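For reference, upload-v7.txt (compact mmCIF, N, CA and C atoms):
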```txt
# COMPACT_ATOMS: atom_id res chain seq x y z
N MET A 72 120.61 97.63 110.56
CA MET A 72 120.96 99.05 110.50
C MET A 72 119.80 99.83 111.11
N LYS A 73 120.11 100.66 112.07
CA LYS A 73 119.11 101.55 112.65
C LYS A 73 119.05 102.80 111.78
N VAL A 74 117.89 103.03 111.20
CA VAL A 74 117.72 104.11 110.24
C VAL A 74 117.55 105.44 110.97
N THR A 75 118.29 106.43 110.50
CA THR A 75 118.19 107.76 111.10
C THR A 75 117.12 108.58 110.39
N GLU A 76 116.64 109.61 111.06
CA GLU A 76 115.67 110.52 110.47
C GLU A 76 116.27 111.20 109.23
N GLN A 77 117.57 111.50 109.29
CA GLN A 77 118.24 112.12 108.15
C GLN A 77 118.19 111.20 106.93
N THR A 78 118.37 109.89 107.13
CA THR A 78 118.31 108.94 106.02
C THR A 78 116.91 108.93 105.41
N ILE A 79 115.89 108.90 106.25
CA ILE A 79 114.51 108.93 105.76
C ILE A 79 114.29 110.19 104.92
N GLN A 80 114.74 111.33 105.42
CA GLN A 80 114.57 112.59 104.69
C GLN A 80 115.31 112.57 103.35
N GLN A 81 116.53 112.04 103.34
CA GLN A 81 117.31 112.01 102.11
C GLN A 81 116.67 111.09 101.07
N VAL A 82 116.17 109.94 101.50
CA VAL A 82 115.54 109.01 100.57
C VAL A 82 114.21 109.59 100.07
N GLU A 83 113.43 110.18 100.96
CA GLU A 83 112.17 110.80 100.55
C GLU A 83 112.42 111.93 99.55
N ARG A 84 113.48 112.69 99.76
CA ARG A 84 113.82 113.77 98.83
C ARG A 84 114.14 113.18 97.45
N ALA A 85 114.87 112.06 97.43
CA ALA A 85 115.21 111.41 96.15
C ALA A 85 113.94 110.89 95.46
N ILE A 86 113.03 110.29 96.22
CA ILE A 86 111.77 109.81 95.64
C ILE A 86 110.97 110.99 95.12
N GLY A 87 110.97 112.08 95.85
CA GLY A 87 110.28 113.29 95.39
C GLY A 87 110.84 113.82 94.09
N LYS A 88 112.17 113.76 93.94
CA LYS A 88 112.80 114.21 92.69
C LYS A 88 112.38 113.33 91.52
N VAL A 89 112.24 112.04 91.76
CA VAL A 89 111.77 111.13 90.71
C VAL A 89 110.34 111.52 90.31
N ALA A 90 109.49 111.71 91.31
CA ALA A 90 108.09 112.07 91.03
C ALA A 90 108.02 113.40 90.28
N ASP A 91 108.90 114.33 90.62
CA ASP A 91 108.91 115.64 89.95
C ASP A 91 109.25 115.52 88.46
N LYS A 92 110.01 114.50 88.08
CA LYS A 92 110.38 114.30 86.67
C LYS A 92 109.20 113.83 85.83
N PHE A 93 108.17 113.31 86.51
CA PHE A 93 106.98 112.81 85.82
C PHE A 93 105.74 113.47 86.44
N PRO A 94 105.58 114.79 86.24
CA PRO A 94 104.50 115.52 86.91
C PRO A 94 103.11 115.03 86.49
N SER A 95 102.21 115.07 87.43
CA SER A 95 100.86 114.54 87.20
C SER A 95 100.03 115.40 86.26
N ASN A 96 100.47 116.63 86.00
CA ASN A 96 99.66 117.52 85.17
C ASN A 96 99.89 117.32 83.66
N ILE A 97 100.72 116.34 83.29
CA ILE A 97 100.88 116.04 81.86
C ILE A 97 100.35 114.63 81.60
N GLU A 98 99.96 114.39 80.36
CA GLU A 98 99.39 113.09 80.01
C GLU A 98 100.47 112.00 80.07
N ALA A 99 100.08 110.86 80.60
CA ALA A 99 101.00 109.73 80.70
C ALA A 99 101.27 109.16 79.32
N THR A 100 102.50 109.27 78.87
CA THR A 100 102.88 108.74 77.56
C THR A 100 104.13 107.86 77.65
N ILE A 101 104.76 107.86 78.79
CA ILE A 101 106.02 107.13 78.94
C ILE A 101 105.75 105.80 79.63
N LEU A 102 106.25 104.73 79.04
CA LEU A 102 106.16 103.41 79.63
C LEU A 102 107.52 103.06 80.19
N THR A 103 107.63 103.04 81.49
CA THR A 103 108.92 102.76 82.11
C THR A 103 108.72 102.31 83.54
N ASP A 104 109.69 101.63 84.07
CA ASP A 104 109.79 101.36 85.49
C ASP A 104 110.86 102.28 86.04
N ILE A 105 110.91 102.41 87.34
CA ILE A 105 111.95 103.19 87.98
C ILE A 105 112.92 102.20 88.64
N HIS A 106 114.16 102.22 88.17
CA HIS A 106 115.19 101.32 88.66
C HIS A 106 116.07 102.10 89.64
N LEU A 107 116.10 101.64 90.88
CA LEU A 107 116.90 102.30 91.91
C LEU A 107 118.13 101.45 92.18
N ARG A 108 119.28 102.08 92.08
CA ARG A 108 120.54 101.39 92.35
C ARG A 108 121.23 102.06 93.52
N VAL A 109 121.73 101.23 94.40
CA VAL A 109 122.41 101.72 95.60
C VAL A 109 123.84 101.22 95.57
N ASN A 110 124.77 102.12 95.85
CA ASN A 110 126.18 101.78 95.90
C ASN A 110 126.62 101.82 97.37
N GLN A 111 127.05 100.67 97.88
CA GLN A 111 127.44 100.58 99.29
C GLN A 111 128.66 101.42 99.62
N GLU A 112 129.56 101.57 98.70
CA GLU A 112 130.79 102.32 98.98
C GLU A 112 130.55 103.82 99.03
N THR A 113 129.79 104.33 98.05
CA THR A 113 129.61 105.79 97.94
C THR A 113 128.33 106.28 98.61
N GLY A 114 127.41 105.34 98.91
CA GLY A 114 126.13 105.72 99.49
C GLY A 114 125.17 106.33 98.49
N GLU A 115 125.51 106.24 97.21
CA GLU A 115 124.66 106.85 96.18
C GLU A 115 123.41 106.02 95.94
N LEU A 116 122.29 106.72 95.85
CA LEU A 116 121.02 106.16 95.42
C LEU A 116 120.72 106.83 94.09
N THR A 117 120.71 106.03 93.03
CA THR A 117 120.52 106.57 91.69
C THR A 117 119.28 105.93 91.07
N ALA A 118 118.46 106.77 90.45
CA ALA A 118 117.24 106.30 89.78
C ALA A 118 117.44 106.36 88.27
N PHE A 119 117.02 105.30 87.59
CA PHE A 119 117.12 105.21 86.14
C PHE A 119 115.77 104.79 85.56
N ASP A 120 115.57 105.11 84.27
CA ASP A 120 114.39 104.60 83.57
C ASP A 120 114.78 103.29 82.88
N ASP A 121 113.84 102.72 82.11
CA ASP A 121 114.09 101.44 81.44
C ASP A 121 115.22 101.52 80.42
N ASP A 122 115.47 102.70 79.88
CA ASP A 122 116.54 102.88 78.90
C ASP A 122 117.87 103.24 79.54
N ASP A 123 117.95 103.06 80.85
CA ASP A 123 119.17 103.32 81.63
C ASP A 123 119.58 104.79 81.62
N ARG A 124 118.61 105.67 81.42
CA ARG A 124 118.87 107.11 81.53
C ARG A 124 118.69 107.52 82.98
N GLU A 125 119.66 108.25 83.49
CA GLU A 125 119.60 108.67 84.88
C GLU A 125 118.49 109.70 85.09
N ILE A 126 117.69 109.48 86.12
CA ILE A 126 116.63 110.41 86.48
C ILE A 126 117.11 111.35 87.57
N THR A 127 117.70 110.78 88.61
CA THR A 127 118.24 111.58 89.71
C THR A 127 119.27 110.76 90.47
N ARG A 128 120.06 111.47 91.25
CA ARG A 128 121.13 110.84 92.04
C ARG A 128 121.21 111.57 93.38
N SER A 129 121.29 110.80 94.45
CA SER A 129 121.42 111.37 95.79
C SER A 129 122.43 110.56 96.58
N VAL A 130 123.07 111.20 97.53
CA VAL A 130 123.98 110.49 98.43
C VAL A 130 123.28 110.36 99.78
N ILE A 131 123.18 109.13 100.24
CA ILE A 131 122.59 108.84 101.54
C ILE A 131 123.76 108.58 102.49
N GLU A 132 124.01 109.54 103.34
CA GLU A 132 125.23 109.52 104.16
C GLU A 132 125.37 108.26 105.01
N GLN A 133 124.27 107.78 105.56
CA GLN A 133 124.33 106.60 106.42
C GLN A 133 124.75 105.35 105.65
N TRP A 134 124.57 105.36 104.33
CA TRP A 134 124.88 104.19 103.52
C TRP A 134 126.32 104.19 103.00
N ILE A 135 127.07 105.28 103.21
CA ILE A 135 128.46 105.34 102.73
C ILE A 135 129.29 104.30 103.49
N ASN A 136 129.98 103.44 102.74
CA ASN A 136 130.83 102.39 103.28
C ASN A 136 130.11 101.47 104.27
N ASN A 137 128.83 101.29 104.09
CA ASN A 137 128.06 100.38 104.93
C ASN A 137 128.15 98.99 104.32
N MET A 138 128.87 98.11 104.96
CA MET A 138 129.10 96.77 104.43
C MET A 138 128.34 95.70 105.22
N ASP A 139 127.23 96.09 105.86
CA ASP A 139 126.41 95.12 106.59
C ASP A 139 125.97 94.00 105.67
N ASP A 140 125.87 92.79 106.21
CA ASP A 140 125.43 91.64 105.42
C ASP A 140 123.99 91.81 104.93
N ASP A 141 123.16 92.47 105.73
CA ASP A 141 121.75 92.67 105.38
C ASP A 141 121.50 94.03 104.73
N PHE A 142 122.54 94.62 104.17
CA PHE A 142 122.44 95.97 103.64
C PHE A 142 121.27 96.14 102.68
N PHE A 143 121.18 95.29 101.66
CA PHE A 143 120.15 95.47 100.64
C PHE A 143 118.75 95.19 101.18
N ASP A 144 118.63 94.26 102.13
CA ASP A 144 117.33 94.03 102.77
C ASP A 144 116.90 95.26 103.56
N ASP A 145 117.84 95.83 104.29
CA ASP A 145 117.55 97.04 105.08
C ASP A 145 117.21 98.22 104.18
N VAL A 146 117.97 98.38 103.11
CA VAL A 146 117.73 99.47 102.16
C VAL A 146 116.35 99.32 101.53
N ALA A 147 115.98 98.10 101.16
CA ALA A 147 114.67 97.87 100.56
C ALA A 147 113.56 98.30 101.51
N LYS A 148 113.68 97.97 102.78
CA LYS A 148 112.67 98.35 103.76
C LYS A 148 112.57 99.87 103.90
N VAL A 149 113.72 100.54 103.92
CA VAL A 149 113.75 102.00 104.04
C VAL A 149 113.09 102.64 102.83
N ILE A 150 113.46 102.18 101.65
CA ILE A 150 112.92 102.78 100.42
C ILE A 150 111.42 102.53 100.33
N ARG A 151 110.98 101.32 100.68
CA ARG A 151 109.53 101.04 100.68
C ARG A 151 108.78 102.00 101.60
N LYS A 152 109.34 102.21 102.78
CA LYS A 152 108.69 103.12 103.73
C LYS A 152 108.64 104.54 103.16
N CYS A 153 109.70 104.97 102.54
CA CYS A 153 109.76 106.32 101.98
C CYS A 153 108.81 106.47 100.79
N ILE A 154 108.69 105.43 99.97
CA ILE A 154 107.75 105.49 98.87
C ILE A 154 106.33 105.57 99.43
N GLU A 155 106.06 104.80 100.45
CA GLU A 155 104.74 104.85 101.08
C GLU A 155 104.46 106.26 101.63
N ASN A 156 105.48 106.89 102.21
CA ASN A 156 105.32 108.25 102.72
C ASN A 156 105.05 109.25 101.59
N LYS A 157 105.56 108.97 100.40
CA LYS A 157 105.38 109.84 99.23
C LYS A 157 104.34 109.24 98.27
N LYS A 158 103.49 108.38 98.78
CA LYS A 158 102.54 107.61 97.99
C LYS A 158 101.70 108.48 97.04
N GLU A 159 101.19 109.58 97.52
CA GLU A 159 100.32 110.42 96.69
C GLU A 159 101.05 110.89 95.44
N ALA A 160 102.27 111.38 95.59
CA ALA A 160 103.03 111.85 94.43
C ALA A 160 103.43 110.70 93.52
N VAL A 161 103.82 109.57 94.12
CA VAL A 161 104.28 108.41 93.34
C VAL A 161 103.14 107.84 92.50
N GLU A 162 101.96 107.76 93.06
CA GLU A 162 100.84 107.16 92.34
C GLU A 162 100.28 108.07 91.26
N LYS A 163 100.60 109.36 91.31
CA LYS A 163 100.11 110.30 90.31
C LYS A 163 101.15 110.62 89.24
N MET A 164 102.27 109.90 89.25
CA MET A 164 103.30 110.15 88.25
C MET A 164 102.74 109.88 86.86
N SER A 165 103.16 110.68 85.90
CA SER A 165 102.65 110.57 84.53
C SER A 165 103.38 109.47 83.76
N LEU A 166 103.23 108.26 84.26
CA LEU A 166 103.77 107.07 83.61
C LEU A 166 102.61 106.16 83.26
N LEU A 167 102.71 105.47 82.13
CA LEU A 167 101.70 104.49 81.79
C LEU A 167 101.77 103.34 82.78
N GLN A 168 100.62 102.90 83.24
CA GLN A 168 100.57 101.82 84.21
C GLN A 168 100.50 100.48 83.50
N PRO A 169 101.00 99.44 84.03
CA PRO A 169 101.62 99.34 85.35
C PRO A 169 103.08 99.82 85.32
N TYR A 170 103.53 100.34 86.44
CA TYR A 170 104.93 100.67 86.61
C TYR A 170 105.36 100.30 88.01
N ALA A 171 106.65 100.09 88.15
CA ALA A 171 107.18 99.61 89.43
C ALA A 171 108.46 100.34 89.79
N PHE A 172 108.75 100.37 91.07
CA PHE A 172 110.05 100.78 91.58
C PHE A 172 110.78 99.49 91.91
N VAL A 173 111.96 99.31 91.33
CA VAL A 173 112.73 98.08 91.49
C VAL A 173 114.10 98.42 92.05
N LEU A 174 114.51 97.73 93.09
CA LEU A 174 115.85 97.91 93.66
C LEU A 174 116.81 96.99 92.94
N GLU A 175 117.93 97.54 92.48
CA GLU A 175 118.95 96.77 91.77
C GLU A 175 120.31 96.98 92.46
N ASP A 176 121.19 96.01 92.25
CA ASP A 176 122.55 96.21 92.74
C ASP A 176 123.37 96.95 91.68
N GLU A 177 124.65 97.13 91.94
CA GLU A 177 125.50 97.89 91.02
C GLU A 177 125.62 97.23 89.65
N ASP A 178 125.37 95.92 89.58
CA ASP A 178 125.46 95.18 88.32
C ASP A 178 124.12 95.12 87.59
N LYS A 179 123.18 95.93 88.01
CA LYS A 179 121.84 96.02 87.41
C LYS A 179 121.01 94.76 87.61
N GLU A 180 121.37 93.96 88.60
CA GLU A 180 120.61 92.75 88.91
C GLU A 180 119.49 93.12 89.89
N PRO A 181 118.24 92.73 89.58
CA PRO A 181 117.14 93.05 90.49
C PRO A 181 117.31 92.40 91.86
N MET A 182 117.12 93.19 92.89
CA MET A 182 117.20 92.70 94.27
C MET A 182 115.81 92.56 94.89
N ALA A 183 114.91 93.51 94.55
CA ALA A 183 113.56 93.49 95.12
C ALA A 183 112.65 94.41 94.33
N GLU A 184 111.41 93.99 94.18
CA GLU A 184 110.40 94.90 93.65
C GLU A 184 109.84 95.64 94.85
N LEU A 185 109.98 96.96 94.83
CA LEU A 185 109.66 97.76 96.00
C LEU A 185 108.22 98.24 96.02
N TYR A 186 107.70 98.55 94.86
CA TYR A 186 106.38 99.18 94.80
C TYR A 186 105.83 99.03 93.40
N LEU A 187 104.59 98.59 93.30
CA LEU A 187 103.96 98.39 92.00
C LEU A 187 102.66 99.17 91.95
N VAL A 188 102.47 99.92 90.87
CA VAL A 188 101.23 100.65 90.66
C VAL A 188 100.60 100.10 89.38
N ASP A 189 99.37 99.61 89.49
CA ASP A 189 98.65 99.05 88.35
C ASP A 189 97.18 99.40 88.51
N ASN A 190 96.76 100.50 87.88
CA ASN A 190 95.40 101.02 88.00
C ASN A 190 95.00 101.14 89.46
N ASP A 191 94.05 100.31 89.88
CA ASP A 191 93.59 100.40 91.27
C ASP A 191 94.36 99.47 92.19
N THR A 192 95.32 98.74 91.67
CA THR A 192 96.09 97.79 92.46
C THR A 192 97.44 98.38 92.80
N VAL A 193 97.75 98.42 94.08
CA VAL A 193 99.05 98.89 94.53
C VAL A 193 99.61 97.85 95.48
N ILE A 194 100.79 97.33 95.17
CA ILE A 194 101.44 96.38 96.06
C ILE A 194 102.62 97.10 96.68
N ILE A 195 102.60 97.17 97.99
CA ILE A 195 103.61 97.95 98.68
C ILE A 195 104.72 97.07 99.21
N ASP A 196 104.37 96.11 100.05
CA ASP A 196 105.38 95.34 100.74
C ASP A 196 105.04 93.86 100.66
N PRO A 197 105.82 93.08 99.94
CA PRO A 197 105.52 91.66 99.82
C PRO A 197 105.48 90.94 101.17
N ASP A 198 106.20 91.45 102.18
CA ASP A 198 106.20 90.82 103.49
C ASP A 198 104.81 90.85 104.12
N MET A 199 104.00 91.84 103.74
CA MET A 199 102.65 91.93 104.27
C MET A 199 101.81 90.75 103.80
N MET A 200 102.12 90.20 102.65
CA MET A 200 101.34 89.12 102.05
C MET A 200 101.89 87.74 102.40
N GLN A 201 102.91 87.69 103.21
CA GLN A 201 103.65 86.47 103.46
C GLN A 201 102.76 85.32 103.94
N ASP A 202 101.89 85.55 104.90
CA ASP A 202 101.06 84.49 105.46
C ASP A 202 99.62 84.56 104.99
N LEU A 203 99.37 85.22 103.88
CA LEU A 203 98.01 85.42 103.40
C LEU A 203 97.30 84.11 103.11
N ASN A 204 97.95 83.17 102.47
CA ASN A 204 97.30 81.89 102.16
C ASN A 204 96.83 81.18 103.41
N GLU A 205 97.66 81.13 104.45
CA GLU A 205 97.29 80.47 105.69
C GLU A 205 96.12 81.19 106.34
N ASP A 206 96.14 82.53 106.33
CA ASP A 206 95.05 83.31 106.91
C ASP A 206 93.74 83.05 106.17
N LEU A 207 93.79 83.02 104.83
CA LEU A 207 92.59 82.76 104.04
C LEU A 207 92.07 81.35 104.27
N ASP A 208 92.97 80.37 104.36
CA ASP A 208 92.56 79.00 104.62
C ASP A 208 91.87 78.89 105.97
N ALA A 209 92.42 79.52 106.99
CA ALA A 209 91.82 79.49 108.32
C ALA A 209 90.47 80.18 108.32
N PHE A 210 90.36 81.28 107.60
CA PHE A 210 89.09 82.00 107.51
C PHE A 210 88.04 81.14 106.82
N LEU A 211 88.39 80.51 105.71
CA LEU A 211 87.46 79.66 104.98
C LEU A 211 87.02 78.47 105.84
N GLU A 212 87.97 77.86 106.53
CA GLU A 212 87.64 76.72 107.40
C GLU A 212 86.67 77.14 108.48
N LYS A 213 86.89 78.29 109.05
CA LYS A 213 85.99 78.80 110.10
C LYS A 213 84.59 79.04 109.53
N LEU A 214 84.51 79.59 108.33
CA LEU A 214 83.21 79.83 107.70
C LEU A 214 82.47 78.53 107.42
N LEU A 215 83.20 77.54 106.95
CA LEU A 215 82.57 76.25 106.63
C LEU A 215 82.07 75.54 107.87
N LYS A 216 82.71 75.72 109.00
CA LYS A 216 82.26 75.12 110.24
C LYS A 216 80.97 75.74 110.74
N GLU A 217 80.78 77.01 110.44
CA GLU A 217 79.57 77.70 110.89
C GLU A 217 78.47 77.33 110.00
```
Would you kindly transcribe this structure into C-alpha cells?
Amino acid sequence: MKVTEQTIQQVERAIGKVADKFPSNIEATILTDIHLRVNQETGELTAFDDDDREITRSVIEQWINNMDDDFFDDVAKVIRKCIENKKEAVEKMSLLQPYAFVLEDEDKEPMAELYLVDNDTVIIDPDMMQDLNEDLDAFLEKLLKE
C-alpha cells in the first residue's frame, strides 16, 4: 500500500488525541498500554486502554475496505512512523512506565508491538534490530583480530 499524506495526517491526529488524554502536566498514576485496533472494512483506528475503555476513534479513509494481504504489516509501519513523528508527546504521556503501543486485530489479538517506552529505553521498530547480532559478532571479531 502506498501511503498518502492524508493517511499520515489522520494517523498522527489520532496519536495526538491519545497523547492529549494523558497530558504531561499531571502526575503519572495510570498503568496501561495503548491498544490500537484497525478495522479493514470501516477504516477505523480505535485506541483502548488495558481495561478496554475507548480512548479515541478515527477513520483512516485509505484503509476503508482495504483487503490487501499485507494490510496489517503496512498499517504497523505507518503507525510506527506516525508515533515516531509524535515522539515528544508520546514519551511525555502521564502513564506509568513501561508502557507500549500495541497493534491488535478486531478480535483483540496482538499483531505487533509498535512502540515501547521504559524510562530511558525506547524501542521503536523491531526491524531496525533484525541483524544486530550479526553486526555485533562481526564487530567483535574485527576487534579481536586487531
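Residues lying within 8 Å of (100.3, 117.1, 89.0). Counted over only N, CA and C atoms, they are Phe93, Pro94, Ser95, Asn96, Ile97, Lys163, Met164 and Ser165 of chain A.
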Got time to write the residues from that selection, N, CA and C atoms, as a PDB file, in the coordinates of the input?
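Written out: result.pdb:
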```
ATOM      1  N   PHE A  93     108.170 113.310  86.510  1.00  0.00           N
ATOM      2  CA  PHE A  93     106.980 112.810  85.820  1.00  0.00           C
ATOM      3  C   PHE A  93     105.740 113.470  86.440  1.00  0.00           C
ATOM      4  N   PRO A  94     105.580 114.790  86.240  1.00  0.00           N
ATOM      5  CA  PRO A  94     104.500 115.520  86.910  1.00  0.00           C
ATOM      6  C   PRO A  94     103.110 115.030  86.490  1.00  0.00           C
ATOM      7  N   SER A  95     102.210 115.070  87.430  1.00  0.00           N
ATOM      8  CA  SER A  95     100.860 114.540  87.200  1.00  0.00           C
ATOM      9  C   SER A  95     100.030 115.400  86.260  1.00  0.00           C
ATOM     10  N   ASN A  96     100.470 116.630  86.000  1.00  0.00           N
ATOM     11  CA  ASN A  96      99.660 117.520  85.170  1.00  0.00           C
ATOM     12  C   ASN A  96      99.890 117.320  83.660  1.00  0.00           C
ATOM     13  N   ILE A  97     100.720 116.340  83.290  1.00  0.00           N
ATOM     14  CA  ILE A  97     100.880 116.040  81.860  1.00  0.00           C
ATOM     15  C   ILE A  97     100.350 114.630  81.600  1.00  0.00           C
ATOM     16  N   LYS A 163     100.600 109.360  91.310  1.00  0.00           N
ATOM     17  CA  LYS A 163     100.110 110.300  90.310  1.00  0.00           C
ATOM     18  C   LYS A 163     101.150 110.620  89.240  1.00  0.00           C
ATOM     19  N   MET A 164     102.270 109.900  89.250  1.00  0.00           N
ATOM     20  CA  MET A 164     103.300 110.150  88.250  1.00  0.00           C
ATOM     21  C   MET A 164     102.740 109.880  86.860  1.00  0.00           C
ATOM     22  N   SER A 165     103.160 110.680  85.900  1.00  0.00           N
ATOM     23  CA  SER A 165     102.650 110.570  84.530  1.00  0.00           C
ATOM     24  C   SER A 165     103.380 109.470  83.760  1.00  0.00           C
TER      25      SER A 165
END
```
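Restricting the calculation to all atoms listed in the file, the smallest distance between A:Lys148 and any of A:Leu185, A:Lys213, A:Asp206, A:Ala171 is found for A:Leu185.
Residues in contact range of A:Leu166, defined as at most 10 Å between only C-alpha atoms, with sequence neighbours fewer than 4 positions away removed, read Ala90, Phe93, Pro94, Ser95, Ile97, Glu98, Ala99, Thr100, Ile101, Leu102, Thr103, Asp104, Val161, Glu162, Tyr170 and Val188 of chain A.
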Would you put the residues from that selection into a file with N, CA and C atoms, as a PDB file, in the frame of the given file?
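Written file, selection_7.pdb:
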```pdb
ATOM      1  N   ALA A  90     109.490 111.710  91.310  1.00  0.00           N
ATOM      2  CA  ALA A  90     108.090 112.070  91.030  1.00  0.00           C
ATOM      3  C   ALA A  90     108.020 113.400  90.280  1.00  0.00           C
ATOM      4  N   PHE A  93     108.170 113.310  86.510  1.00  0.00           N
ATOM      5  CA  PHE A  93     106.980 112.810  85.820  1.00  0.00           C
ATOM      6  C   PHE A  93     105.740 113.470  86.440  1.00  0.00           C
ATOM      7  N   PRO A  94     105.580 114.790  86.240  1.00  0.00           N
ATOM      8  CA  PRO A  94     104.500 115.520  86.910  1.00  0.00           C
ATOM      9  C   PRO A  94     103.110 115.030  86.490  1.00  0.00           C
ATOM     10  N   SER A  95     102.210 115.070  87.430  1.00  0.00           N
ATOM     11  CA  SER A  95     100.860 114.540  87.200  1.00  0.00           C
ATOM     12  C   SER A  95     100.030 115.400  86.260  1.00  0.00           C
ATOM     13  N   ILE A  97     100.720 116.340  83.290  1.00  0.00           N
ATOM     14  CA  ILE A  97     100.880 116.040  81.860  1.00  0.00           C
ATOM     15  C   ILE A  97     100.350 114.630  81.600  1.00  0.00           C
ATOM     16  N   GLU A  98      99.960 114.390  80.360  1.00  0.00           N
ATOM     17  CA  GLU A  98      99.390 113.090  80.010  1.00  0.00           C
ATOM     18  C   GLU A  98     100.470 112.000  80.070  1.00  0.00           C
ATOM     19  N   ALA A  99     100.080 110.860  80.600  1.00  0.00           N
ATOM     20  CA  ALA A  99     101.000 109.730  80.700  1.00  0.00           C
ATOM     21  C   ALA A  99     101.270 109.160  79.320  1.00  0.00           C
ATOM     22  N   THR A 100     102.500 109.270  78.870  1.00  0.00           N
ATOM     23  CA  THR A 100     102.880 108.740  77.560  1.00  0.00           C
ATOM     24  C   THR A 100     104.130 107.860  77.650  1.00  0.00           C
ATOM     25  N   ILE A 101     104.760 107.860  78.790  1.00  0.00           N
ATOM     26  CA  ILE A 101     106.020 107.130  78.940  1.00  0.00           C
ATOM     27  C   ILE A 101     105.750 105.800  79.630  1.00  0.00           C
ATOM     28  N   LEU A 102     106.250 104.730  79.040  1.00  0.00           N
ATOM     29  CA  LEU A 102     106.160 103.410  79.630  1.00  0.00           C
ATOM     30  C   LEU A 102     107.520 103.060  80.190  1.00  0.00           C
ATOM     31  N   THR A 103     107.630 103.040  81.490  1.00  0.00           N
ATOM     32  CA  THR A 103     108.920 102.760  82.110  1.00  0.00           C
ATOM     33  C   THR A 103     108.720 102.310  83.540  1.00  0.00           C
ATOM     34  N   ASP A 104     109.690 101.630  84.070  1.00  0.00           N
ATOM     35  CA  ASP A 104     109.790 101.360  85.490  1.00  0.00           C
ATOM     36  C   ASP A 104     110.860 102.280  86.040  1.00  0.00           C
ATOM     37  N   VAL A 161     103.820 109.570  94.120  1.00  0.00           N
ATOM     38  CA  VAL A 161     104.280 108.410  93.340  1.00  0.00           C
ATOM     39  C   VAL A 161     103.140 107.840  92.500  1.00  0.00           C
ATOM     40  N   GLU A 162     101.960 107.760  93.060  1.00  0.00           N
ATOM     41  CA  GLU A 162     100.840 107.160  92.340  1.00  0.00           C
ATOM     42  C   GLU A 162     100.280 108.070  91.260  1.00  0.00           C
ATOM     43  N   TYR A 170     103.530 100.340  86.440  1.00  0.00           N
ATOM     44  CA  TYR A 170     104.930 100.670  86.610  1.00  0.00           C
ATOM     45  C   TYR A 170     105.360 100.300  88.010  1.00  0.00           C
ATOM     46  N   VAL A 188     102.470  99.920  90.870  1.00  0.00           N
ATOM     47  CA  VAL A 188     101.230 100.650  90.660  1.00  0.00           C
ATOM     48  C   VAL A 188     100.600 100.100  89.380  1.00  0.00           C
TER      49      VAL A 188
END
```
Could you give me, as a list in words, the residues within 7 Å of A:Ile154, counting only C-alpha atoms and dropping anything in the same chain fewer than 4 positions from it? Ile86, Ile150 and Lys158 of chain A
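You can rank A:Leu187, A:Asp208, A:Ala147, A:Gln133 by their closest distance to A:Thr78 using all atoms listed in the file, and at the top of that list sits A:Gln133.
The strand (DSSP E or B) portion of stretch 95-159 of chain A consists of Ile101, Ile105, His106, Leu107, Arg108, Val109, Glu115, Leu116, Thr117, Ala118, Phe119, Glu125, Ile126, Thr127, Arg128, Ser129 and Val130 of chain A, with states taken from DSSP on the backbone.
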Run DSSP on the backbone and tell me which residues of chain A come out as helix (DSSP H, G or I); list them as a ChimeraX atom specification. /A:76-92,132-134,142-156,158-162,197-200,203-216
Provide an axis-aligned box for all listed atoms of stretch 93-100 of chain A, padding each side by 4 Å; report its centre and its edge lengths in Å to one decimal, as lines of an AutoDock Vina configuration file.
```
center_x = 103.8
center_y = 112.7
center_z = 82.5
size_x = 16.8
size_y = 17.7
size_z = 17.9
```
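In this comparison, which uses only N, CA and C atoms, the residue of A:Phe210, A:Ala85, A:Asp189, A:Met72 approaching A:Asp139 most closely is A:Met72.
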At most 8 Å from (114.9, 90.6, 96.6), file frame, all atoms listed in the file: which residues, as a PDB file with N, CA and C atoms, in the coordinates of the input?
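Ended up saving to out-v3.pdb:
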```
ATOM      1  N   PHE A 143     121.180  95.290 101.660  1.00  0.00           N
ATOM      2  CA  PHE A 143     120.150  95.470 100.640  1.00  0.00           C
ATOM      3  C   PHE A 143     118.750  95.190 101.180  1.00  0.00           C
ATOM      4  N   ASP A 144     118.630  94.260 102.130  1.00  0.00           N
ATOM      5  CA  ASP A 144     117.330  94.030 102.770  1.00  0.00           C
ATOM      6  C   ASP A 144     116.900  95.260 103.560  1.00  0.00           C
ATOM      7  N   LEU A 174     114.510  97.730  93.090  1.00  0.00           N
ATOM      8  CA  LEU A 174     115.850  97.910  93.660  1.00  0.00           C
ATOM      9  C   LEU A 174     116.810  96.990  92.940  1.00  0.00           C
ATOM     10  N   PRO A 181     118.240  92.730  89.580  1.00  0.00           N
ATOM     11  CA  PRO A 181     117.140  93.050  90.490  1.00  0.00           C
ATOM     12  C   PRO A 181     117.310  92.400  91.860  1.00  0.00           C
ATOM     13  N   MET A 182     117.120  93.190  92.890  1.00  0.00           N
ATOM     14  CA  MET A 182     117.200  92.700  94.270  1.00  0.00           C
ATOM     15  C   MET A 182     115.810  92.560  94.890  1.00  0.00           C
ATOM     16  N   ALA A 183     114.910  93.510  94.550  1.00  0.00           N
ATOM     17  CA  ALA A 183     113.560  93.490  95.120  1.00  0.00           C
ATOM     18  C   ALA A 183     112.650  94.410  94.330  1.00  0.00           C
ATOM     19  N   GLU A 184     111.410  93.990  94.180  1.00  0.00           N
ATOM     20  CA  GLU A 184     110.400  94.900  93.650  1.00  0.00           C
ATOM     21  C   GLU A 184     109.840  95.640  94.850  1.00  0.00           C
TER      22      GLU A 184
END
```
Using only N, CA and C atoms, pick whichever of A:Ile105, A:Leu207, A:Ala118, A:Val173 has the shortest atom-to-atom distance to A:Tyr186. A:Val173
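Comparing the minimum interatomic distances between A:Phe172 and each of A:Ile79, A:Leu215, A:Cys153, A:Ile135, counting only C-alpha atoms, we find that A:Cys153 sits nearest.
Rounded to one decimal, atom C of A:Lys157 and atom C of A:Arg124 lie 21.0 Å from each other.
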Rank nothing, just name the residue among A:Glu159, A:Lys152, A:Glu177, A:Lys88 nearest to A:Gly114, using only C-alpha atoms. A:Glu177
Grab the atom CA of A:Asp178 to atom CA of A:Phe142 distance for me, in Å with one decimal place. 15.6 Å
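Taking atom CA of A:Asp91 and atom N of A:Glu76 as endpoints, the distance between them is 23.3 Å.
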What's around A:Asp176 at 6 Å? Count only C-alpha atoms, leave out sequence neighbours fewer than 3 positions away in its own chain, and write the answer as JSON, numbers by chain. {"A": [108, 179, 180]}
